[in-house]
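Shown next: structure15.cif, given as mmCIF, C-alpha atoms.
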data_query
#
loop_
_atom_site.label_atom_id
_atom_site.label_comp_id
_atom_site.auth_asym_id
_atom_site.auth_seq_id
_atom_site.Cartn_x
_atom_site.Cartn_y
_atom_site.Cartn_z
CA MET A 1 104.34 94.59 84.88
CA LEU A 2 100.73 95.53 84.36
CA PHE A 3 98.42 93.36 82.26
CA SER A 4 95.24 94.80 80.81
CA LEU A 5 92.65 92.12 80.02
CA THR A 6 89.03 92.08 78.95
CA THR A 7 86.61 90.04 81.05
CA GLN A 8 86.68 87.33 78.36
CA GLU A 9 90.47 87.21 78.37
CA LEU A 10 90.53 87.10 82.18
CA MET A 11 88.11 84.17 82.21
CA GLU A 12 90.41 82.21 79.95
CA ARG A 13 92.87 82.15 82.83
CA PRO A 14 90.96 80.60 85.75
CA ASP A 15 93.89 80.96 88.16
CA LEU A 16 94.13 84.68 87.47
CA TRP A 17 90.36 85.16 87.48
CA GLU A 18 90.07 83.60 90.90
CA ALA A 19 93.04 85.49 92.34
CA VAL A 20 91.58 88.79 91.12
CA HIS A 21 88.11 88.24 92.57
CA ARG A 22 89.57 86.88 95.81
CA LEU A 23 91.76 89.97 96.20
CA ARG A 24 88.74 92.18 95.54
CA TYR A 25 86.78 90.32 98.22
CA LYS A 26 89.60 90.59 100.71
CA ILE A 27 89.93 94.32 100.23
CA PHE A 28 86.44 95.60 99.54
CA VAL A 29 84.38 93.24 101.70
CA GLU A 30 86.75 92.23 104.49
CA GLU A 31 88.85 95.39 104.80
CA MET A 32 86.49 98.15 103.73
CA GLY A 33 83.32 96.43 104.92
CA TRP A 34 81.17 96.74 101.79
CA ASP A 35 78.70 94.21 103.16
CA ASP A 36 76.33 94.28 100.19
CA LEU A 37 79.00 92.37 98.31
CA ARG A 38 79.43 89.64 100.93
CA ARG A 39 79.25 86.10 99.47
CA PRO A 40 80.01 82.68 100.90
CA ASP A 41 82.57 81.80 98.23
CA GLY A 42 84.89 84.71 99.14
CA LEU A 43 84.88 86.11 95.62
CA GLU A 44 83.74 89.64 94.85
CA LEU A 45 81.80 90.09 91.59
CA ASP A 46 79.17 92.53 90.46
CA GLN A 47 77.01 93.38 87.45
CA PHE A 48 79.77 95.56 86.02
CA ASP A 49 82.14 92.69 85.35
CA HIS A 50 80.61 92.63 81.89
CA ASP A 51 82.23 91.98 78.54
CA GLU A 52 83.32 95.58 78.03
CA ALA A 53 85.06 95.91 81.41
CA VAL A 54 88.86 96.04 81.35
CA HIS A 55 90.78 94.44 84.21
CA GLN A 56 94.23 95.84 84.94
CA ILE A 57 96.43 93.62 87.02
CA VAL A 58 99.89 94.26 88.47
CA ILE A 59 101.91 91.09 88.91
CA ARG A 60 104.88 90.98 91.30
CA GLY A 61 106.82 87.81 92.00
CA GLY A 62 104.12 85.58 90.51
CA GLU A 63 101.35 87.13 92.61
CA VAL A 64 98.51 89.57 91.99
CA ALA A 65 99.85 92.67 93.74
CA GLY A 66 97.46 95.31 92.43
CA TYR A 67 94.23 95.64 90.53
CA GLN A 68 91.83 98.16 89.04
CA ARG A 69 88.81 97.84 86.79
CA MET A 70 88.02 100.24 83.96
CA LEU A 71 84.40 100.65 82.84
CA PRO A 72 83.21 102.49 79.73
CA THR A 73 80.92 105.43 80.50
CA THR A 74 78.96 104.72 77.33
CA ARG A 75 77.03 102.12 79.30
CA PRO A 76 75.74 102.03 82.89
CA HIS A 77 78.53 102.29 85.47
CA LEU A 78 78.87 102.88 89.20
CA LEU A 79 78.29 106.63 89.12
CA THR A 80 75.09 106.29 87.08
CA GLU A 81 73.70 103.22 88.89
CA VAL A 82 75.07 102.83 92.39
CA LEU A 83 76.85 105.97 93.61
CA THR A 84 74.31 108.33 92.05
CA ASP A 85 74.31 110.78 94.98
CA LEU A 86 77.97 111.58 94.32
CA SER A 87 77.12 113.40 91.12
CA GLU A 88 75.44 116.79 90.76
CA GLY A 89 73.70 116.78 87.41
CA THR A 90 74.43 114.37 84.58
CA PRO A 91 77.87 112.78 84.82
CA PRO A 92 80.15 113.22 81.81
CA SER A 93 80.29 110.28 79.41
CA GLY A 94 81.77 109.36 76.05
CA PRO A 95 84.25 107.00 74.41
CA ASN A 96 87.18 109.05 75.80
CA ILE A 97 85.90 108.83 79.39
CA TRP A 98 86.16 105.66 81.48
CA GLU A 99 85.38 104.99 85.11
CA LEU A 100 88.13 103.59 87.32
CA THR A 101 86.80 101.27 90.03
CA ARG A 102 88.07 98.74 92.59
CA TYR A 103 91.56 100.27 92.85
CA ALA A 104 93.34 97.84 95.14
CA VAL A 105 96.85 97.12 96.38
CA ALA A 106 97.33 93.69 98.00
CA PRO A 107 98.29 93.91 101.72
CA GLY A 108 101.77 92.50 101.17
CA PHE A 109 102.65 95.23 98.69
CA ARG A 110 101.85 98.37 100.65
CA ASP A 111 105.39 99.62 100.90
CA GLY A 112 104.41 103.28 100.77
CA ARG A 113 103.75 103.52 104.55
CA ARG A 114 101.48 106.55 104.66
CA GLY A 115 102.16 107.44 101.01
CA VAL A 116 101.36 105.61 97.80
CA SER A 117 103.07 102.25 97.29
CA THR A 118 105.08 101.41 94.17
CA VAL A 119 102.31 99.02 93.11
CA GLY A 120 99.84 101.88 93.61
CA THR A 121 101.80 104.22 91.35
CA GLU A 122 102.23 101.42 88.80
CA LEU A 123 98.44 101.15 88.59
CA ILE A 124 98.29 104.91 87.98
CA ALA A 125 101.02 104.82 85.32
CA GLY A 126 99.20 101.82 83.82
CA PHE A 127 95.82 103.44 83.26
CA VAL A 128 97.41 106.62 81.91
CA GLU A 129 99.52 104.63 79.41
CA TRP A 130 96.54 102.47 78.49
CA GLY A 131 94.30 105.50 78.02
CA LEU A 132 96.74 107.52 75.91
CA LYS A 133 97.10 104.54 73.56
CA ARG A 134 93.41 104.21 72.89
CA GLY A 135 92.25 107.82 72.87
CA VAL A 136 91.01 107.90 76.47
CA ASP A 137 92.00 111.09 78.28
CA LYS A 138 89.61 111.23 81.21
CA VAL A 139 88.69 108.92 84.04
CA ILE A 140 85.97 109.22 86.64
CA ILE A 141 87.07 108.01 90.07
CA GLU A 142 85.11 107.84 93.31
CA PHE A 143 87.85 108.18 95.92
CA GLU A 144 88.71 109.67 99.30
CA PRO A 145 89.16 113.45 99.08
CA MET A 146 92.78 112.88 100.13
CA TRP A 147 93.45 111.55 96.64
CA VAL A 148 92.60 114.91 95.10
CA LEU A 149 95.90 116.24 96.43
CA ARG A 150 97.84 113.29 95.05
CA ALA A 151 96.17 113.59 91.65
CA LEU A 152 97.16 117.26 91.52
CA GLN A 153 100.70 116.39 92.58
CA LEU A 154 100.84 114.09 89.55
CA HIS A 155 99.60 116.94 87.32
CA PHE A 156 96.21 115.51 86.51
CA LEU A 157 93.62 118.18 85.92
CA ALA A 158 90.96 117.41 88.52
CA THR A 159 87.32 118.49 88.65
CA PRO A 160 84.85 117.36 91.30
CA LEU A 161 81.59 115.96 89.93
CA GLY A 162 79.67 116.46 93.15
CA TYR A 163 79.99 117.02 96.88
CA GLN A 164 81.85 114.67 99.11
CA ARG A 165 79.65 112.18 101.00
CA THR A 166 80.24 109.94 103.95
CA TYR A 167 79.72 106.21 103.46
CA GLY A 168 80.20 104.36 106.71
CA ASN A 169 83.39 105.87 108.04
CA GLN A 170 84.73 106.80 104.64
CA GLN A 171 84.57 110.11 102.81
CA VAL A 172 84.11 109.80 99.06
CA VAL A 173 84.11 112.36 96.28
CA ALA A 174 83.52 111.63 92.58
CA THR A 175 86.21 113.33 90.53
CA LEU A 176 86.97 113.66 86.85
CA LEU A 177 90.70 113.40 86.12
CA THR A 178 92.03 114.59 82.76
CA PHE A 179 95.51 113.55 81.64
CA ASN A 180 97.95 113.86 78.75
CA GLU A 181 101.56 112.99 77.89
CA HIS A 182 102.79 115.52 80.42
CA THR A 183 100.88 113.71 83.18
CA LEU A 184 102.55 110.46 82.13
CA ASP A 185 105.97 112.16 82.31
CA VAL A 186 105.26 113.42 85.82
CA VAL A 187 103.95 110.04 86.98
CA ARG A 188 107.03 108.32 85.57
CA SER A 189 109.47 110.76 87.10
CA ARG A 190 107.74 110.50 90.51
CA ARG A 191 108.15 106.73 90.21
CA ASN A 192 111.70 107.17 89.00
CA HIS A 193 110.87 104.47 86.48
CA PHE A 194 110.59 105.54 82.85
CA ALA A 195 109.92 102.32 80.95
CA PRO A 196 106.31 101.53 79.97
CA VAL A 197 104.52 99.35 82.55
CA LEU A 198 101.84 97.98 80.24
CA ALA A 199 102.75 94.43 79.16
CA ARG A 200 101.41 92.44 76.23
CA GLY A 201 99.69 89.08 76.51
CA TYR A 202 99.23 87.16 79.73
CA PRO A 203 101.30 86.83 82.88
CA ASP A 204 102.88 83.44 83.67
CA MET A 205 100.91 80.98 85.76
CA LEU A 206 100.56 82.44 89.25
CA GLY A 207 103.01 81.21 91.83
CA GLN A 208 105.78 80.91 89.24
CA ARG A 209 108.39 83.58 89.43
CA ARG A 210 109.76 84.90 86.20
CA ALA A 211 113.41 84.15 85.64
CA SER A 212 114.18 87.77 84.77
CA MET B 213 73.06 123.11 91.41
CA GLY B 214 73.79 126.83 91.63
CA GLN B 215 75.96 126.36 94.70
CA PHE B 216 77.87 123.49 93.17
CA ASP B 217 78.56 125.52 90.03
CA ARG B 218 80.04 128.21 92.25
CA THR B 219 82.29 125.63 93.91
CA LEU B 220 83.46 124.49 90.48
CA GLU B 221 84.18 128.06 89.50
CA TYR B 222 86.26 128.60 92.67
CA ILE B 223 88.22 125.44 91.98
CA ASP B 224 88.81 126.47 88.40
CA GLN B 225 90.12 129.85 89.58
CA LEU B 226 92.39 128.16 92.10
CA GLN B 227 93.87 125.89 89.44
CA HIS B 228 94.74 128.93 87.35
CA ALA B 229 96.34 130.92 90.16
CA ALA B 230 99.93 131.74 89.20
CA THR B 231 101.47 132.27 92.63
CA ALA B 232 101.01 130.96 96.16
CA ALA B 233 99.82 134.42 97.19
CA ALA B 234 97.10 134.32 94.52
CA VAL B 235 96.05 130.85 95.74
CA CYS B 236 95.73 132.21 99.30
CA GLU B 237 93.75 135.20 98.21
CA ARG B 238 91.28 133.14 96.18
CA LEU B 239 90.83 130.52 98.85
CA LEU B 240 90.21 133.14 101.55
CA GLY B 241 87.77 134.87 99.20
CA ILE B 242 85.69 131.70 99.45
CA THR B 243 86.18 130.81 103.10
CA SER B 244 85.68 134.32 104.47
CA ASP B 245 81.92 133.79 103.90
CA PHE B 246 82.15 131.38 106.84
CA GLY B 247 84.28 133.66 108.99
CA LEU B 248 87.54 131.94 108.06
CA THR B 249 89.83 134.84 107.31
CA ALA B 250 93.29 133.45 108.01
CA LEU B 251 95.04 130.48 106.49
CA MET B 252 98.08 128.34 107.08
CA ALA B 253 99.06 125.18 105.23
CA GLY B 254 102.32 123.34 105.33
CA THR B 255 104.11 120.16 106.19
CA VAL B 256 104.45 119.63 109.92
CA PRO B 257 108.05 120.09 111.10
CA GLN B 258 109.56 117.39 113.32
CA PRO B 259 109.46 118.45 116.98
CA GLY B 260 112.54 120.51 117.77
CA THR B 261 113.04 121.85 114.23
CA PRO B 262 114.95 125.13 114.59
CA ALA B 263 112.86 128.28 114.14
CA GLY B 264 114.95 129.24 111.11
CA GLN B 265 113.88 126.12 109.24
CA GLN B 266 110.22 126.09 110.26
CA LYS B 267 109.20 128.60 107.62
CA GLN B 268 110.46 126.33 104.84
CA HIS B 269 107.59 123.99 105.72
CA VAL B 270 105.00 126.60 104.82
CA LEU B 271 103.08 126.13 101.56
CA LEU B 272 100.35 128.74 101.95
CA CYS B 273 100.23 131.42 104.60
CA ASP B 274 97.97 134.30 105.27
CA TRP B 275 98.22 134.52 109.03
CA PRO B 276 98.56 137.96 110.55
CA GLY B 277 102.28 138.70 110.01
CA GLU B 278 103.18 139.29 113.65
CA TRP B 279 101.39 136.11 114.68
CA LEU B 280 103.53 134.02 112.33
CA GLU B 281 106.68 135.68 113.71
CA ARG B 282 105.62 134.99 117.26
CA TYR B 283 104.50 131.44 116.42
CA VAL B 284 107.89 130.62 114.96
CA ALA B 285 109.99 132.60 117.44
CA ARG B 286 108.31 130.97 120.45
CA ASN B 287 108.30 127.54 118.82
CA TYR B 288 104.54 127.27 119.25
CA VAL B 289 104.34 124.44 116.71
CA ASP B 290 105.61 122.01 119.35
CA HIS B 291 102.90 123.10 121.84
CA ASP B 292 99.96 123.98 119.60
CA PRO B 293 97.02 121.73 120.60
CA VAL B 294 95.68 121.99 117.04
CA VAL B 295 98.90 120.48 115.69
CA SER B 296 99.06 117.67 118.24
CA HIS B 297 95.36 116.91 117.85
CA MET B 298 95.82 116.62 114.12
CA LYS B 299 98.79 114.31 114.44
CA GLN B 300 96.68 111.97 116.59
CA LEU B 301 93.35 112.22 114.87
CA GLN B 302 94.33 112.44 111.20
CA ALA B 303 90.85 113.69 110.31
CA PRO B 304 89.19 117.10 110.01
CA PHE B 305 88.18 118.91 113.21
CA GLN B 306 87.43 122.34 114.61
CA TRP B 307 90.01 124.07 116.77
CA HIS B 308 87.81 124.21 119.85
CA GLU B 309 87.57 120.39 119.79
CA ALA B 310 91.36 120.21 120.00
CA SER B 311 91.53 122.17 123.23
CA GLN B 312 88.64 120.18 124.73
CA GLY B 313 89.99 116.78 123.85
CA ILE B 314 93.40 116.95 125.45
CA ARG B 315 94.83 118.04 128.73
CA ILE B 316 96.16 121.50 128.11
CA ASP B 317 99.60 122.17 129.43
CA LYS B 318 100.66 125.70 130.22
CA SER B 319 102.27 126.23 126.81
CA SER B 320 99.22 124.98 124.90
CA GLY B 321 96.97 127.38 126.76
CA GLU B 322 99.39 130.16 125.93
CA VAL B 323 99.26 129.30 122.20
CA MET B 324 95.47 129.38 122.08
CA GLY B 325 95.27 132.53 124.23
CA ASP B 326 97.78 134.27 122.04
CA ALA B 327 95.93 133.20 118.89
CA GLY B 328 92.79 134.82 120.30
CA ALA B 329 94.67 138.09 120.71
CA PHE B 330 95.27 137.99 116.96
CA LYS B 331 91.58 137.54 116.24
CA LEU B 332 91.98 133.82 115.66
CA ARG B 333 89.33 132.50 118.03
CA ASP B 334 88.26 129.36 116.27
CA GLY B 335 88.90 127.59 113.03
CA LEU B 336 89.15 124.25 111.40
CA ALA B 337 92.08 122.07 110.59
CA PHE B 338 92.58 118.93 108.62
CA PRO B 339 95.50 116.82 107.49
CA LEU B 340 96.29 115.76 103.95
CA ILE B 341 98.78 113.10 102.99
CA THR B 342 101.00 113.57 99.95
CA LEU B 343 102.13 110.92 97.48
CA ASP B 344 105.26 110.25 99.48
CA GLY B 345 103.44 110.09 102.80
CA GLN B 346 104.22 113.56 104.13
CA ILE B 347 101.49 115.09 106.26
CA VAL B 348 100.30 118.51 105.17
CA MET B 349 98.31 120.35 107.77
CA VAL B 350 95.75 122.88 106.64
CA SER B 351 94.40 125.31 109.22
CA LEU B 352 91.87 128.09 108.65
CA GLY B 353 90.84 130.47 111.37
CA GLY B 354 88.94 133.61 112.22
CA GLU B 355 87.15 135.59 114.86
CA ALA B 356 83.60 134.29 114.35
CA VAL B 357 83.52 130.95 112.59
CA GLU B 358 80.21 129.48 111.59
CA LEU B 359 79.70 126.60 109.22
CA SER B 360 77.53 123.52 108.85
CA ALA B 361 78.87 120.01 108.31
CA ALA B 362 78.16 120.27 104.57
CA GLU B 363 79.96 123.61 104.38
CA PHE B 364 82.86 122.11 106.31
CA GLY B 365 83.09 119.46 103.58
CA GLN B 366 82.98 122.09 100.86
CA VAL B 367 85.66 124.21 102.52
CA SER B 368 87.95 121.23 103.03
CA LEU B 369 87.53 120.10 99.42
CA VAL B 370 88.24 123.55 98.01
CA SER B 371 91.22 123.86 100.37
CA THR B 372 92.56 120.54 99.10
CA TYR B 373 92.56 121.95 95.58
CA ALA B 374 94.32 125.06 96.89
CA VAL B 375 97.05 123.02 98.56
CA GLY B 376 97.39 120.88 95.41
CA ARG B 377 97.87 124.01 93.34
CA ALA B 378 100.41 125.37 95.83
CA MET B 379 102.35 122.10 95.61
CA GLN B 380 102.31 122.23 91.80
CA LEU B 381 103.67 125.78 91.90
CA HIS B 382 106.25 124.69 94.46
CA THR B 383 107.57 121.82 92.31
CA MET B 384 107.54 123.98 89.19
CA ALA B 385 109.66 126.58 91.00
CA ASN B 386 112.01 123.87 92.27
CA ARG B 387 112.30 122.26 88.87
CA THR B 388 113.82 125.39 87.33
CA ILE B 389 116.53 125.36 90.00
CA ASP B 390 116.72 121.58 89.94
CA HIS B 391 117.59 121.50 86.31
CA ILE B 392 121.33 121.48 86.82
CA VAL B 393 123.63 119.60 84.49
CA LEU B 394 127.15 119.23 85.80
CA THR B 395 129.84 118.11 83.34
CA PRO B 396 131.84 114.99 84.27
CA ARG B 397 134.91 117.20 84.94
CA GLU B 398 132.98 119.55 87.20
CA ARG B 399 131.74 116.56 89.10
CA GLU B 400 135.22 115.09 89.43
CA CYS B 401 136.61 118.37 90.71
CA LEU B 402 133.82 118.63 93.27
CA GLN B 403 134.41 115.05 94.34
CA TRP B 404 138.07 115.84 95.07
CA ALA B 405 137.18 119.16 96.71
CA ALA B 406 134.84 117.18 98.97
CA VAL B 407 137.82 115.23 100.34
CA GLY B 408 139.72 118.43 101.01
CA LYS B 409 141.98 118.72 97.96
CA SER B 410 143.11 122.17 96.88
CA GLU B 411 142.77 123.42 93.32
CA TRP B 412 146.44 122.70 92.71
CA GLU B 413 146.15 119.16 94.08
CA ILE B 414 143.05 118.54 91.96
CA SER B 415 144.88 119.75 88.87
CA GLN B 416 147.73 117.31 89.60
CA ILE B 417 145.37 114.38 90.19
CA LEU B 418 143.36 115.00 87.02
CA GLY B 419 146.31 116.07 84.88
CA ILE B 420 144.83 119.48 84.07
CA SER B 421 146.08 122.99 84.76
CA GLU B 422 145.36 124.66 88.08
CA HIS B 423 143.51 127.38 86.19
CA THR B 424 141.25 124.77 84.56
CA SER B 425 140.40 123.05 87.83
CA GLU B 426 139.60 126.45 89.33
CA LYS B 427 137.33 127.18 86.37
CA HIS B 428 135.45 123.87 86.74
CA LEU B 429 134.86 124.54 90.41
CA LEU B 430 133.65 128.08 89.73
CA ASN B 431 131.22 126.81 87.09
CA ALA B 432 129.91 124.11 89.40
CA LYS B 433 129.53 126.67 92.19
CA SER B 434 127.44 129.01 90.07
CA LYS B 435 125.32 126.18 88.62
CA LEU B 436 124.54 124.98 92.14
CA GLY B 437 123.71 128.50 93.23
CA ALA B 438 126.32 128.29 96.00
CA VAL B 439 128.17 131.25 97.47
CA ASN B 440 131.38 129.36 98.19
CA ARG B 441 133.09 126.04 97.65
CA VAL B 442 131.94 124.51 100.92
CA GLN B 443 128.31 125.19 100.05
CA ALA B 444 128.83 123.91 96.48
CA VAL B 445 130.18 120.63 97.84
CA ALA B 446 127.36 120.34 100.37
CA GLU B 447 124.77 121.11 97.73
CA ALA B 448 126.27 118.60 95.27
CA ILE B 449 126.16 115.89 97.93
CA ARG B 450 122.61 116.78 98.91
CA ARG B 451 121.49 116.53 95.30
CA GLY B 452 123.36 113.29 94.82
CA TYR B 453 125.83 114.48 92.16
CA ILE B 454 128.74 113.35 94.27
CA SER B 455 128.91 111.07 97.26
#

Translate the structure described by the file into structure tokens.
Amino acid sequence: MLFSLTTQELMERPDLWEAVHRLRYKIFVEEMGWDDLRRPDGLELDQFDHDEAVHQIVIRGGEVAGYQRMLPTTRPHLLTEVLTDLSEGTPPSGPNIWELTRYAVAPGFRDGRRGVSTVGTELIAGFVEWGLKRGVDKVIIEFEPMWVLRALQLHFLATPLGYQRTYGNQQVVATLLTFNEHTLDVVRSRRNHFAPVLARGYPDMLGQRRAS
Amino acid sequence: MGQFDRTLEYIDQLQHAATAAAVCERLLGITSDFGLTALMAGTVPQPGTPAGQQKQHVLLCDWPGEWLERYVARNYVDHDPVVSHMKQLQAPFQWHEASQGIRIDKSSGEVMGDAGAFKLRDGLAFPLITLDGQIVMVSLGGEAVELSAAEFGQVSLVSTYAVGRAMQLHTMANRTIDHIVLTPRERECLQWAAVGKSEWEISQILGISEHTSEKHLLNAKSKLGAVNRVQAVAEAIRRGYIS
């Protein structure tokens, strides 16, 4: 189950809000070493958690298992403000283009070994479903070049927006991914799971397993 | 900006290539500027994979023909320092680093020496990891290789798009064969054939004529692209139609 919430909606659920920002801290500060984001409270937040951001959360067994944040490209986002050297020329923008940031799978849910975990592919199915519903057909992602291959395997149309750069010990390339219904079909058949993943409303209180 | 536009154009061409051979040709058209004139990309076979099966792991290949034959026939994949270096390092590197980094046994030296005889003196290699965690090794080589770190990055990115395109073409080709619909009767007949029943016995078990059971098995055989009943059964098990 993947829940897609605005920042306002997320703040109405303090348990979920905290779990999300704690997971982000654990992964991006502690695991990936993005020290600029280090804070004493162990929560990761930045200027892009604004009221137009969309938080997509995968819940498994009453826990936050996966997360990604979607930002509209009609206002400042990472590629235009922070990761500017990843783009050659003006990055594409518009209501149909969003930026996917903070893609994260919680450590206990990385069942993919070297490959992509089921939570990871649920996040992918989730943003594609979400986008197709609201007229979004492109996302900008700053990811490791390795992901280009996976995106192509899932039949996204991929276009690099700039050269790959090295940050710390990580290679990153900004890429524009275009998708359609066919992409969703391929993602679903790779997952071997054909039902929509996008859920309505809110998840149950964390720590409480659903009966189903 | 001019150079980046060219990279985009290459990538666009690669994504429109209709066959693996066309992907190879376009990629080498780009990399030959840096002296990389030969290409091999594929999943890495488990050590000890029989020579006959090694070629199935190849996604893109434009090695000199005789070199590929020799590589497979002599099982060089198990001794190639480039392959073992990649398995350990899991990051891009140049071939000459592979032979420096590890103690070369006699067979490894032979692989590199032989490669040189085929005008493959240096090159670069890097691993990619697929959705399901398979390692794809990409190796580009030539006689006089010269490229800067930035060009290395550009070549590896363009190669990633090439491998992605090759994998798309590969799954599209498999899908046409994969689209097999067996009828419940054909499946039942295969299931009984799998436990050694004859056509007559199958007809008795299912309450149909011997001719009909024979017909079901023939249909299943042709749908599965098998040359005989044993292969049809094996293929049906492999694809999960029967157990």

Problem - Shell of 9 Å around A:Thr7, all atoms listed in the file, local chain residues under 6 positions omitted, as a ChimeraX atom specification - result: /A:17,49-55

Which residues of chain A come within 9 Å of chain B, and for each one, what is the closest pair of atoms and their distance in Å to one decimal, counting all atoms listed in the file, sorted by chain and residue number, as a Markdown table?
| residue | atom | partner | partner_atom | distance |
| --- | --- | --- | --- | --- |
| A:Glu88 | CA | B:Met213 | CA | 6.8 |
| A:Gly89 | CA | B:Met213 | CA | 7.5 |
| A:Gly112 | CA | B:Asp344 | CA | 7.1 |
| A:Arg113 | CA | B:Gly345 | CA | 6.8 |
| A:Arg114 | CA | B:Gly345 | CA | 4.5 |
| A:Gly115 | CA | B:Gly345 | CA | 3.4 |
| A:Val116 | CA | B:Leu343 | CA | 5.4 |
| A:Ser117 | CA | B:Asp344 | CA | 8.6 |
| A:Pro145 | CA | B:Leu369 | CA | 6.9 |
| A:Met146 | CA | B:Leu340 | CA | 5.9 |
| A:Trp147 | CA | B:Ile341 | CA | 8.4 |
| A:Val148 | CA | B:Thr372 | CA | 6.9 |
| A:Leu149 | CA | B:Gly376 | CA | 5.0 |
| A:Arg150 | CA | B:Leu343 | CA | 5.5 |
| A:Ala151 | CA | B:Gly376 | CA | 8.3 |
| A:Leu152 | CA | B:Gly376 | CA | 5.3 |
| A:Gln153 | CA | B:Gln380 | CA | 6.1 |
| A:Leu154 | CA | B:Gln380 | CA | 8.6 |
| A:His155 | CA | B:Gln380 | CA | 7.4 |
| A:Leu157 | CA | B:Gln227 | CA | 8.5 |
| A:Ala158 | CA | B:Tyr373 | CA | 8.5 |
| A:Thr159 | CA | B:Leu220 | CA | 7.4 |
| A:Pro160 | CA | B:Leu220 | CA | 7.3 |
| A:Leu161 | CA | B:Leu220 | CA | 8.7 |
| A:Gly162 | CA | B:Phe216 | CA | 7.3 |
| A:Tyr163 | CA | B:Gln366 | CA | 7.1 |
| A:Gln164 | CA | B:Gly365 | CA | 6.7 |
| A:Arg165 | CA | B:Gly365 | CA | 8.5 |
| A:Arg190 | CA | B:Leu343 | CA | 9.0 |

Going by the chain IDs and residue numbers used in this file, which residues fall under the PyMOL selection byres ((chain A and resi 63) around 9)? Write them as a VMD selection string.
chain A and resid 19 58 to 62 64 to 65 206 to 209

For B:Val393: contacts at 10 Å, all atoms listed in the file, fewer than 4 positions along chain excluded, given as a PyMOL selection string:
chain B and resi 398-399+432+435-436+453

Checklist line | Local residues around (91.4, 115.4, 81.1), at most 10 Å away, using only C-alpha atoms, as a PyMOL selection string | finding: chain A and resi 96-97+136-140+156-159+176-180+183

Store the residues picked out above in a file with C-alpha atoms, as a PDB file, in the coordinates of the input.
ATOM      1  CA  ASN A  96      87.180 109.050  75.800  1.00  0.00           C
ATOM      2  CA  ILE A  97      85.900 108.830  79.390  1.00  0.00           C
ATOM      3  CA  VAL A 136      91.010 107.900  76.470  1.00  0.00           C
ATOM      4  CA  ASP A 137      92.000 111.090  78.280  1.00  0.00           C
ATOM      5  CA  LYS A 138      89.610 111.230  81.210  1.00  0.00           C
ATOM      6  CA  VAL A 139      88.690 108.920  84.040  1.00  0.00           C
ATOM      7  CA  ILE A 140      85.970 109.220  86.640  1.00  0.00           C
ATOM      8  CA  PHE A 156      96.210 115.510  86.510  1.00  0.00           C
ATOM      9  CA  LEU A 157      93.620 118.180  85.920  1.00  0.00           C
ATOM     10  CA  ALA A 158      90.960 117.410  88.520  1.00  0.00           C
ATOM     11  CA  THR A 159      87.320 118.490  88.650  1.00  0.00           C
ATOM     12  CA  LEU A 176      86.970 113.660  86.850  1.00  0.00           C
ATOM     13  CA  LEU A 177      90.700 113.400  86.120  1.00  0.00           C
ATOM     14  CA  THR A 178      92.030 114.590  82.760  1.00  0.00           C
ATOM     15  CA  PHE A 179      95.510 113.550  81.640  1.00  0.00           C
ATOM     16  CA  ASN A 180      97.950 113.860  78.750  1.00  0.00           C
ATOM     17  CA  THR A 183     100.880 113.710  83.180  1.00  0.00           C
TER      18      THR A 183
END

Practice problem: Please indicate the distance in Å from atom CA of A:Leu86 to atom CA of A:Ala174, rounded to one decimal place. | Solution: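 Spanning atom CA of A:Leu86 to atom CA of A:Ala174 is a straight-line distance of 5.8 Å.
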
Which residues, written as a count of residues only, have at least one atom at most 9 Å from B:Pro257, with all atoms listed in the file counted and residues fewer than 2 positions away on the same chain left out?
10

- List every protein, DNA or RNA residue that has an atom no more than 6 Å from (99.8, 132.6, 117.4) in the file's coordinate frame, counting only C-alpha atoms, and report them as a ChimeraX atom specification. /B:279,283,323,326-327

Point to revise | Ground truth for the PyMOL selection byres ((chain B and resi 401-404) around 12), written as number ranges by chain | key: B: 394-400, 405-420, 422, 424-433, 436, 441-449, 452-455

Atom pair atom CA of B:Asp292 + atom CA of B:Ile242, distance 25.9 Å

Centre, x/y/z edge lengths, axis-aligned box for stretch 401-410 of chain B with 6 Å per side, as AutoDock Vina command-line options:
--center_x 138.5 --center_y 118.6 --center_z 95.9 --size_x 21.3 --size_y 19.1 --size_z 22.3

Evaluated on this file, the PyMOL selection byres ((chain A and resi 23-26) around 9) picks out some residues - which ones are they, written as a VMD selection string? chain A and resid 18 to 22 27 to 32 37 to 39 42 to 45 64 to 67 102 to 106

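Atom CA of A:Pro40 is positioned 20.4 Å from atom CA of A:Met11.
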
Judged by all atoms listed in the file, the minimum distance to A:Leu2 among A:Leu132, A:Ile124, A:Leu184, A:Leu71 is found for A:Ile124

*Find the residue from B:Val256, B:Trp307, B:Ser421, B:Leu352 that sits nearest to B:Leu239; use all atoms listed in the file when measuring.*
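Residue with the minimum atom-to-atom distance to B:Leu239: B:Leu352.
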
Quiz prompt | Contacts of B:Ser351 within 8 Å, all atoms listed in the file, excl. fewer than 5 positions in-chain, as an NGL selection string | solution = :B and (251-253 or 335-338)
